[in-house]
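Trainee: To be precise about what I am sending: the file is called upload.cif and holds mmCIF, C-alpha atoms.
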data_entry
#
loop_
_atom_site.group_PDB
_atom_site.id
_atom_site.type_symbol
_atom_site.label_atom_id
_atom_site.label_comp_id
_atom_site.auth_asym_id
_atom_site.auth_seq_id
_atom_site.Cartn_x
_atom_site.Cartn_y
_atom_site.Cartn_z
ATOM 1 C CA ASP K 1 114.900 106.270 156.309
ATOM 2 C CA ARG K 2 114.189 108.055 153.063
ATOM 3 C CA PRO K 3 114.575 106.520 149.619
ATOM 4 C CA LEU K 4 117.625 107.520 147.601
ATOM 5 C CA LEU K 5 117.252 110.217 144.978
ATOM 6 C CA GLY K 6 117.262 109.035 141.386
ATOM 7 C CA HIS K 7 116.876 110.138 137.812
ATOM 8 C CA TRP K 8 113.698 112.156 137.180
ATOM 9 C CA ASP K 9 113.040 113.032 140.834
ATOM 10 C CA ARG K 10 111.848 116.589 141.473
ATOM 11 C CA ILE K 11 113.025 118.470 144.546
ATOM 12 C CA PRO K 12 111.387 121.613 145.956
ATOM 13 C CA GLN K 13 114.202 124.131 146.326
ATOM 14 C CA PRO K 14 113.435 127.746 145.455
ATOM 15 C CA VAL K 15 116.224 129.876 144.009
ATOM 16 C CA LYS K 16 115.132 133.486 143.552
ATOM 17 C CA PRO K 17 113.796 134.944 141.454
ATOM 18 C CA ASN K 18 112.309 132.238 139.189
ATOM 19 C CA ILE K 19 113.415 128.701 140.094
ATOM 20 C CA SER K 20 110.995 126.722 142.264
ATOM 21 C CA HIS K 21 112.327 123.160 141.990
ATOM 22 C CA PHE K 22 115.196 121.072 140.712
ATOM 23 C CA VAL K 23 114.739 118.076 138.462
ATOM 24 C CA LEU K 24 117.326 115.284 138.434
ATOM 25 C CA GLY K 25 118.007 114.343 134.846
ATOM 26 C CA LEU K 26 120.654 112.576 132.840
ATOM 27 C CA PRO K 27 124.114 114.118 132.709
ATOM 28 C CA THR K 28 125.186 115.626 129.392
ATOM 29 C CA SER K 29 128.901 116.243 129.933
ATOM 30 C CA HIS K 30 129.865 113.054 131.741
ATOM 31 C CA PRO K 31 128.811 109.389 131.762
ATOM 32 C CA GLU K 32 125.524 108.357 133.346
ATOM 33 C CA THR K 33 127.290 105.666 135.381
ATOM 34 C CA ILE K 34 130.818 105.271 136.688
ATOM 35 C CA GLU K 35 132.503 102.217 138.140
ATOM 36 C CA LEU K 36 134.190 102.417 141.533
ATOM 37 C CA ILE K 37 135.949 99.699 143.493
ATOM 38 C CA SER K 38 132.822 99.451 145.634
ATOM 39 C CA GLY K 39 130.469 99.199 142.632
ATOM 40 C CA GLU K 40 128.558 101.294 140.106
ATOM 41 C CA VAL K 41 127.451 104.844 140.807
ATOM 42 C CA ASP K 42 124.734 106.638 138.828
ATOM 43 C CA LEU K 43 125.468 110.309 138.194
ATOM 44 C CA LEU K 44 122.620 112.817 138.224
ATOM 45 C CA GLN K 45 122.285 116.239 136.614
ATOM 46 C CA ALA K 46 120.379 118.731 138.805
ATOM 47 C CA VAL K 47 118.681 121.476 136.784
ATOM 48 C CA GLY K 48 116.509 124.276 138.125
ATOM 49 C CA ILE K 49 112.960 124.545 136.798
ATOM 50 C CA THR K 50 110.301 127.217 137.141
ATOM 51 C CA ARG K 51 106.878 126.797 138.723
ATOM 52 C CA ASP K 52 105.237 126.360 135.280
ATOM 53 C CA GLU K 53 107.874 123.822 134.221
ATOM 54 C CA PHE K 54 107.299 121.915 137.463
ATOM 55 C CA ALA K 55 103.557 121.739 136.687
ATOM 56 C CA TYR K 56 104.406 120.505 133.187
ATOM 57 C CA ALA K 57 106.729 117.839 134.658
ATOM 58 C CA LYS K 58 103.975 116.681 137.016
ATOM 59 C CA GLU K 59 101.587 116.256 134.078
ATOM 60 C CA PHE K 60 103.940 114.877 131.409
ATOM 61 C CA GLY K 61 106.873 113.537 133.427
ATOM 62 C CA SER K 62 110.364 114.712 134.221
ATOM 63 C CA PRO K 63 111.893 113.238 131.033
ATOM 64 C CA ALA K 64 109.478 115.421 129.024
ATOM 65 C CA ILE K 65 110.499 118.673 130.743
ATOM 66 C CA CYS K 66 114.186 117.754 130.463
ATOM 67 C CA SER K 67 113.736 117.158 126.724
ATOM 68 C CA LEU K 68 112.028 120.538 126.307
ATOM 69 C CA LEU K 69 114.781 122.261 128.274
ATOM 70 C CA GLN K 70 117.392 120.613 126.030
ATOM 71 C CA GLU K 71 115.525 121.496 122.832
ATOM 72 C CA GLN K 72 115.288 125.133 123.915
ATOM 73 C CA GLY K 73 118.952 125.380 124.947
ATOM 74 C CA VAL K 74 118.437 125.614 128.713
ATOM 75 C CA TYR K 75 119.485 122.155 129.963
ATOM 76 C CA PRO K 76 121.818 121.532 131.817
ATOM 77 C CA VAL K 77 122.466 125.089 133.073
ATOM 78 C CA THR K 78 120.431 126.656 135.879
ATOM 79 C CA ASP K 79 119.874 130.393 135.474
ATOM 80 C CA PRO K 80 117.713 131.638 138.349
ATOM 81 C CA SER K 81 116.700 134.715 136.314
ATOM 82 C CA ARG K 82 115.391 132.898 133.252
ATOM 83 C CA VAL K 83 111.701 132.708 132.458
ATOM 84 C CA SER K 84 109.912 129.449 131.676
ATOM 85 C CA VAL K 85 110.615 127.790 128.349
ATOM 86 C CA THR K 86 107.799 127.482 125.816
ATOM 87 C CA LEU K 87 105.709 124.552 127.046
ATOM 88 C CA VAL K 88 104.153 122.338 124.377
ATOM 89 C CA GLY K 89 102.006 119.297 124.884
#
Mind turning this structure into structure tokens?

Mentor:
Amino acid sequence: DRPLLGHWDRIPQPVKPNISHFVLGLPTSHPETIELISGEVDLLQAVGITRDEFAYAKEFGSPAICSLLQEQGVYPVTDPSRVSVTLVG
């Protein structure tokens, strides 16, 4: 058995030409949690990141790369053709 995926997990999944991984962040256009008859469900936002952004996330954490992507107008859309955002830190 594998553990469930959760917020801030990083998944290797190349999407040509520039996306190497996906990061699971907080949703921006819907609630983070919804209530079902069976209980609460956390919603995740999957966003493609480049190889350099993945390295940044490994060093500074997934919340840090998601914040940078938001600040630079990339999050929550995945554009496989985009180049890496400006990495600061």

Trainee: Return the single residue from K:Leu5, K:Lys16, K:Leu69, K:Val74 that is closest to K:Ala57, with distances computed using only C-alpha atoms.

Mentor: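 The answer is K:Leu69, which sits nearest to K:Ala57.
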
Trainee: Under the PyMOL selection byres ((chain K and resi 83) around 12), which residues of this model are included? Write them out as a ChimeraX atom specification.

Mentor: /K:16-20,48-53,69,72,74,78-82,84-87

Trainee: I need the residues from that last selection saved to file as a PDB file, in the coordinates of the input (with C-alpha atoms), if you can.

Mentor:
ATOM      1  CA  LYS K  16     115.132 133.486 143.552  1.00  0.00           C
ATOM      2  CA  PRO K  17     113.796 134.944 141.454  1.00  0.00           C
ATOM      3  CA  ASN K  18     112.309 132.238 139.189  1.00  0.00           C
ATOM      4  CA  ILE K  19     113.415 128.701 140.094  1.00  0.00           C
ATOM      5  CA  SER K  20     110.995 126.722 142.264  1.00  0.00           C
ATOM      6  CA  GLY K  48     116.509 124.276 138.125  1.00  0.00           C
ATOM      7  CA  ILE K  49     112.960 124.545 136.798  1.00  0.00           C
ATOM      8  CA  THR K  50     110.301 127.217 137.141  1.00  0.00           C
ATOM      9  CA  ARG K  51     106.878 126.797 138.723  1.00  0.00           C
ATOM     10  CA  ASP K  52     105.237 126.360 135.280  1.00  0.00           C
ATOM     11  CA  GLU K  53     107.874 123.822 134.221  1.00  0.00           C
ATOM     12  CA  LEU K  69     114.781 122.261 128.274  1.00  0.00           C
ATOM     13  CA  GLN K  72     115.288 125.133 123.915  1.00  0.00           C
ATOM     14  CA  VAL K  74     118.437 125.614 128.713  1.00  0.00           C
ATOM     15  CA  THR K  78     120.431 126.656 135.879  1.00  0.00           C
ATOM     16  CA  ASP K  79     119.874 130.393 135.474  1.00  0.00           C
ATOM     17  CA  PRO K  80     117.713 131.638 138.349  1.00  0.00           C
ATOM     18  CA  SER K  81     116.700 134.715 136.314  1.00  0.00           C
ATOM     19  CA  ARG K  82     115.391 132.898 133.252  1.00  0.00           C
ATOM     20  CA  SER K  84     109.912 129.449 131.676  1.00  0.00           C
ATOM     21  CA  VAL K  85     110.615 127.790 128.349  1.00  0.00           C
ATOM     22  CA  THR K  86     107.799 127.482 125.816  1.00  0.00           C
ATOM     23  CA  LEU K  87     105.709 124.552 127.046  1.00  0.00           C
TER      24      LEU K  87
END

Trainee: Give as an MDAnalysis selection string the residues that the PyMOL selection byres ((chain K and resi 65) around 9) matches when applied to the coordinates above.

Mentor: chainID K and resid 23 49 53:54 56:57 60:64 66:70 87

Trainee: For atom CA of K:Ile11 and atom CA of K:Ser38, quote the distance in Å rounded to one decimal.

Mentor: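 That distance, rounded to one decimal, is 27.5 Å.
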
Trainee: Using all atoms listed in the file, pick whichever of K:Leu26, K:Leu36, K:Val77, K:Ala46 has the shortest atom-to-atom distance to K:Pro12.

Mentor: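 Nearest candidate to K:Pro12 out of K:Leu26, K:Leu36, K:Val77, K:Ala46: K:Ala46.
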
Trainee: Set the distance at 7 Å and use all atoms listed in the file: which residues neighbour K:Arg10 once local chain neighbours fewer than 6 positions away are removed? I'd like the list as a list in words.

Mentor: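 Counting only the stated atoms, we get His21, Phe22, Val23 and Leu24 of chain K.
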
Trainee: Calculated over all atoms listed in the file, which of the candidates K:Gly6, K:Val88, K:Thr28, K:Glu59 has the smallest distance to K:Val41?

Mentor: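 The closest residue to K:Val41 is K:Gly6.
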